[in-house]
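Asks: What follows is entry29.cif, made up of mmCIF, C-alpha atoms and all ligand atoms:
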```cif
data_input
loop_
_atom_site.label_atom_id
_atom_site.label_comp_id
_atom_site.auth_asym_id
_atom_site.auth_seq_id
_atom_site.Cartn_x
_atom_site.Cartn_y
_atom_site.Cartn_z
CA MET A 4 92.42 77.94 90.98
CA ARG A 5 90.85 79.18 94.19
CA ILE A 6 88.79 82.40 94.42
CA LEU A 7 87.81 84.17 97.63
CA VAL A 8 84.19 85.41 97.61
CA LEU A 9 83.77 88.02 100.32
CA HIS A 10 80.39 89.34 101.44
CA GLY A 11 80.41 92.35 103.75
CA PRO A 12 78.12 93.56 106.54
CA ASN A 13 74.38 92.93 106.55
CA LEU A 14 74.50 90.72 103.48
CA ASN A 15 73.66 87.79 105.76
CA LEU A 16 70.19 89.38 105.92
CA LEU A 17 69.56 89.20 102.18
CA GLY A 18 66.11 87.92 101.35
CA ARG A 19 64.43 89.93 104.07
CA ARG A 20 66.63 93.05 104.06
CA GLU A 21 64.99 95.85 102.01
CA PRO A 22 63.89 93.39 99.29
CA GLU A 23 62.76 96.26 97.05
CA VAL A 24 66.42 97.35 96.92
CA TYR A 25 68.34 94.08 97.22
CA GLY A 26 65.90 91.49 95.87
CA ARG A 27 64.45 88.39 97.48
CA LYS A 28 67.33 85.98 97.04
CA THR A 29 69.03 84.86 100.23
CA LEU A 30 72.79 84.82 100.61
CA ALA A 31 72.65 81.01 100.67
CA GLY A 32 70.79 81.11 97.34
CA ILE A 33 73.38 83.44 95.79
CA ASN A 34 76.19 81.24 97.08
CA ARG A 35 74.54 78.18 95.50
CA GLU A 36 74.37 79.97 92.15
CA LEU A 37 78.03 80.97 92.52
CA ALA A 38 78.96 77.36 93.28
CA GLY A 39 77.23 76.28 90.04
CA VAL A 40 79.20 78.77 87.96
CA ALA A 41 82.42 77.84 89.77
CA GLU A 42 81.87 74.19 88.89
CA GLU A 43 81.26 75.08 85.26
CA LEU A 44 84.46 77.17 85.21
CA GLY A 45 86.46 74.56 87.09
CA VAL A 46 87.45 76.81 89.98
CA GLU A 47 87.21 76.41 93.74
CA LEU A 48 85.48 79.03 95.91
CA ARG A 49 86.09 80.05 99.51
CA ILE A 50 82.95 81.96 100.49
CA ILE A 51 82.94 84.16 103.61
CA GLN A 52 80.44 86.65 105.01
CA SER A 53 81.38 88.93 107.89
CA ASN A 54 79.92 91.97 109.59
CA HIS A 55 83.35 92.89 110.94
CA GLU A 56 85.87 95.02 109.09
CA GLY A 57 88.91 93.39 110.69
CA GLU A 58 87.71 89.91 109.79
CA LEU A 59 87.28 90.98 106.18
CA VAL A 60 90.84 92.36 106.26
CA ASP A 61 92.11 89.06 107.71
CA GLU A 62 90.39 87.09 104.94
CA ILE A 63 91.87 89.31 102.23
CA GLN A 64 95.34 88.84 103.73
CA LYS A 65 94.83 85.07 103.90
CA ALA A 66 93.70 85.04 100.27
CA GLY A 67 97.00 86.69 99.40
CA GLN A 68 98.64 83.40 100.42
CA ASP A 69 96.39 80.88 98.72
CA CYS A 70 93.89 82.42 96.26
CA ALA A 71 94.19 83.63 92.66
CA GLY A 72 91.57 86.38 92.93
CA ILE A 73 88.87 88.03 95.03
CA LEU A 74 85.19 88.68 94.30
CA ILE A 75 84.01 91.19 96.88
CA ASN A 76 80.83 92.99 97.87
CA PRO A 77 82.20 95.20 100.64
CA ALA A 78 78.62 96.47 101.31
CA ALA A 79 78.67 99.57 103.56
CA TYR A 80 82.46 99.33 103.98
CA THR A 81 82.73 100.21 100.28
CA HIS A 82 82.11 103.80 101.21
CA THR A 83 84.14 104.02 104.41
CA SER A 84 86.95 101.51 104.68
CA VAL A 85 90.51 102.58 104.04
CA ALA A 86 91.51 99.30 105.74
CA LEU A 87 89.76 97.13 103.13
CA ARG A 88 91.21 99.17 100.30
CA ASP A 89 94.70 98.94 101.77
CA ALA A 90 94.34 95.16 102.26
CA LEU A 91 93.29 94.70 98.63
CA ALA A 92 96.18 96.87 97.47
CA ALA A 93 98.61 95.00 99.74
CA VAL A 94 97.79 91.51 98.48
CA ALA A 95 97.65 92.81 94.90
CA LEU A 96 95.35 90.00 93.74
CA PRO A 97 92.99 90.65 90.85
CA ALA A 98 89.64 91.62 92.39
CA VAL A 99 86.14 92.44 91.19
CA GLU A 100 83.73 94.61 93.19
CA VAL A 101 80.04 93.67 93.15
CA HIS A 102 76.94 95.52 94.33
CA LEU A 103 73.42 94.18 94.07
CA SER A 104 71.88 97.64 93.80
CA ASN A 105 72.74 100.48 91.44
CA VAL A 106 74.68 102.56 93.94
CA TYR A 107 74.59 105.57 91.59
CA ALA A 108 70.79 105.72 91.67
CA ARG A 109 70.67 105.93 95.46
CA GLU A 110 71.96 108.27 98.18
CA GLU A 111 74.90 110.50 97.30
CA PHE A 112 77.24 108.82 99.83
CA ARG A 113 76.93 105.48 97.99
CA ARG A 114 78.54 106.95 94.87
CA GLU A 115 81.96 106.94 96.41
CA SER A 116 83.85 103.65 96.59
CA LEU A 117 87.18 103.60 98.38
CA VAL A 118 87.96 100.18 96.93
CA ALA A 119 87.17 100.98 93.27
CA PRO A 120 90.70 102.24 92.50
CA VAL A 121 92.27 98.93 93.56
CA VAL A 122 89.96 96.48 91.73
CA LEU A 123 89.92 95.35 88.11
CA GLY A 124 86.33 96.45 87.66
CA ARG A 125 82.89 96.71 89.18
CA VAL A 126 79.43 95.23 88.52
CA CYS A 127 76.45 96.98 90.09
CA GLY A 128 72.70 97.20 89.68
CA PHE A 129 71.94 93.69 88.40
CA GLY A 130 71.11 91.99 91.67
CA ALA A 131 72.52 88.53 92.30
CA ASP A 132 73.43 88.11 88.61
CA GLY A 133 76.21 90.64 89.18
CA TYR A 134 78.06 88.13 91.33
CA LEU A 135 77.89 85.50 88.60
CA TRP A 136 79.10 87.87 85.89
CA GLY A 137 81.75 89.22 88.23
CA LEU A 138 83.05 85.71 88.87
CA ARG A 139 83.15 84.91 85.15
CA ALA A 140 84.97 88.17 84.36
CA LEU A 141 87.49 87.63 87.15
CA VAL A 142 88.33 84.04 86.17
CA LYS A 143 88.61 85.00 82.48
CA LYS A 144 91.04 87.80 83.32
CA ILE A 145 93.16 85.59 85.59
CA ARG A 146 93.36 82.96 82.84
CA GLU A 147 94.16 85.50 80.15
CA ASP A 148 96.96 86.81 82.31
CA GLY A 149 98.28 83.28 82.68
CA ASN A 150 97.80 83.12 86.45
CA GLY A 151 95.31 80.27 86.63
C1 LIG B 201 75.56 97.19 98.55
C2 LIG B 201 75.44 98.71 98.43
C3 LIG B 201 75.98 99.40 99.66
O1 LIG B 201 75.84 100.82 99.53
C4 LIG B 201 75.23 98.97 100.89
O2 LIG B 201 75.79 99.56 102.04
C5 LIG B 201 75.12 97.49 101.03
C6 LIG B 201 74.93 96.67 99.84
C7 LIG B 201 74.90 96.44 97.38
O3 LIG B 201 75.19 95.25 97.22
O4 LIG B 201 74.09 97.02 96.65
O5 LIG B 201 75.11 96.97 102.13
O6 LIG B 201 76.94 96.85 98.54
#
```
For this file, produce the structure as structure tokens.
Ligand code: DQA
Replies:
Amino acid sequence: MRILVLHGPNLNLLGRREPEVYGRKTLAGINRELAGVAEELGVELRIIQSNHEGELVDEIQKAGQDCAGILINPAAYTHTSVALRDALAAVALPAVEVHLSNVYAREEFRRESLVAPVVLGRVCGFGADGYLWGLRALVKKIREDGNG
């Protein structure tokens, strides 16, 4: 089973980007932790970070051909991107939305997620751990549904 892990804009700066909000772990560190959980679960990961909406759309479309699910932190595009939402809906793969910060405890505009209606569920506010729990929940659901 292959899972696409998609990190959106500015997440390449994790570690030094507003550490009081996003923590001190780097994206490489989070990806290493994800790789450890993936090994334990016996799944393969394709991990991509992009600052470009169209590239994220391309990766979601590609995953529709060769992945069983998507773990996504759309970052700022969460709140703006009809294109990402439409791509997720189009491929119809099970997906889990992750946010490091508690988006409900921040600015008003972060409360709206355009992708939330097309994902299985969301994890937010637990920092990097949210990715690990999100991956576990996604793989469990795929297996329960008999697709892995
Ligand atoms: C974020 C929350 C978004 O509102 C923000 O634009 C990000 C990161 C998070 O992981 O907490 O870039 O998705």
Asks: Kindly give the distance, in Å, that separates CA of Arg109 (chain A) and atom O3 of ligand LIG 201 (chain B), rounded to a single decimal.
Replies: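 These atoms are spaced 11.7 Å apart.
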Asks: Give as a PyMOL selection string the set of residues within 10 Å of the point (80.7, 103.8, 94.7), where distances use the file's coordinates and only C-alpha atoms.
Replies: chain A and resi 81-82+100+102+105-107+111-119+125+127
Asks: Record the distance separating CA of Tyr80 (chain A) and CA of Gly26 (chain A), expressed in Å with one decimal.
Replies: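 Going from CA of Tyr80 (chain A) over to CA of Gly26 (chain A) covers 20.0 Å.
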Asks: Quick one, how far is CA of Ala131 (chain A) from CA of Glu42 (chain A)?
Replies: 17.5 Å
Asks: With a distance cut-off of 8 Å and all atoms listed in the file, select the neighbouring residues of region 43-56 of chain A, excluding the residue or stretch itself and same-chain residues fewer than 2 positions from it, and output the selection as a CSV table (one decimal) with C-alpha atoms, in the frame of the given file.
Replies:
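part.csv was written with the following content:
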```
chain,number,residue,atom,x,y,z
A,4,MET,CA,92.4,77.9,91.0
A,5,ARG,CA,90.8,79.2,94.2
A,6,ILE,CA,88.8,82.4,94.4
A,7,LEU,CA,87.8,84.2,97.6
A,8,VAL,CA,84.2,85.4,97.6
A,9,LEU,CA,83.8,88.0,100.3
A,10,HIS,CA,80.4,89.3,101.4
A,11,GLY,CA,80.4,92.4,103.8
A,12,PRO,CA,78.1,93.6,106.5
A,13,ASN,CA,74.4,92.9,106.6
A,14,LEU,CA,74.5,90.7,103.5
A,15,ASN,CA,73.7,87.8,105.8
A,34,ASN,CA,76.2,81.2,97.1
A,38,ALA,CA,79.0,77.4,93.3
A,39,GLY,CA,77.2,76.3,90.0
A,40,VAL,CA,79.2,78.8,88.0
A,41,ALA,CA,82.4,77.8,89.8
A,58,GLU,CA,87.7,89.9,109.8
A,59,LEU,CA,87.3,91.0,106.2
A,60,VAL,CA,90.8,92.4,106.3
A,80,TYR,CA,82.5,99.3,104.0
A,84,SER,CA,87.0,101.5,104.7
A,86,ALA,CA,91.5,99.3,105.7
A,87,LEU,CA,89.8,97.1,103.1
A,139,ARG,CA,83.2,84.9,85.2
A,142,VAL,CA,88.3,84.0,86.2
```
Asks: Between A:Pro22, A:Gly130, A:Gly67, A:Gly137, which one has atoms that come closest to ligand LIG 201 (chain B), using all atoms listed in the file?
Replies: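 Using all atoms listed in the file, ligand LIG 201 (chain B) sits closest to A:Gly130.
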Asks: Given all atoms listed in the file as the basis, pick out the residue of A:Gly133, A:Gly151, A:Pro77, A:Gly57 nearest to ligand LIG 201 (chain B).
Replies: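 Counting all atoms listed in the file, the residue closest to ligand LIG 201 (chain B) is A:Pro77.
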Asks: Of the candidates A:Lys144, A:Gly149, A:Asp61, A:Leu103, which shows the shortest atom-to-atom distance to Arg27 (chain A), using only C-alpha atoms?
Replies: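 Smallest distance to Arg27 (chain A) is found for A:Leu103.
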Asks: Nearest to ligand LIG 201 (chain B) among A:Val121, A:Asp69, A:Leu141, A:Glu110, with distances taken over only C-alpha atoms and all ligand atoms: which residue is it?
Replies: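 Ranking A:Val121, A:Asp69, A:Leu141, A:Glu110 by distance to ligand LIG 201 (chain B), first place goes to A:Glu110.
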Asks: Could you tell me which of A:Ala90, A:Cys70, A:Val101, A:Ile63 comes closest to ligand LIG 201 (chain B) if we count all atoms listed in the file?
Replies: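 Result for the nearest residue to ligand LIG 201 (chain B): A:Val101.
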Asks: I'd like to know which of A:Ile73, A:Leu135, A:Ala66, A:Val24 is closest to Val122 (chain A), using all atoms listed in the file.
Replies: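 Smallest separation from Val122 (chain A) among the options: A:Ile73.
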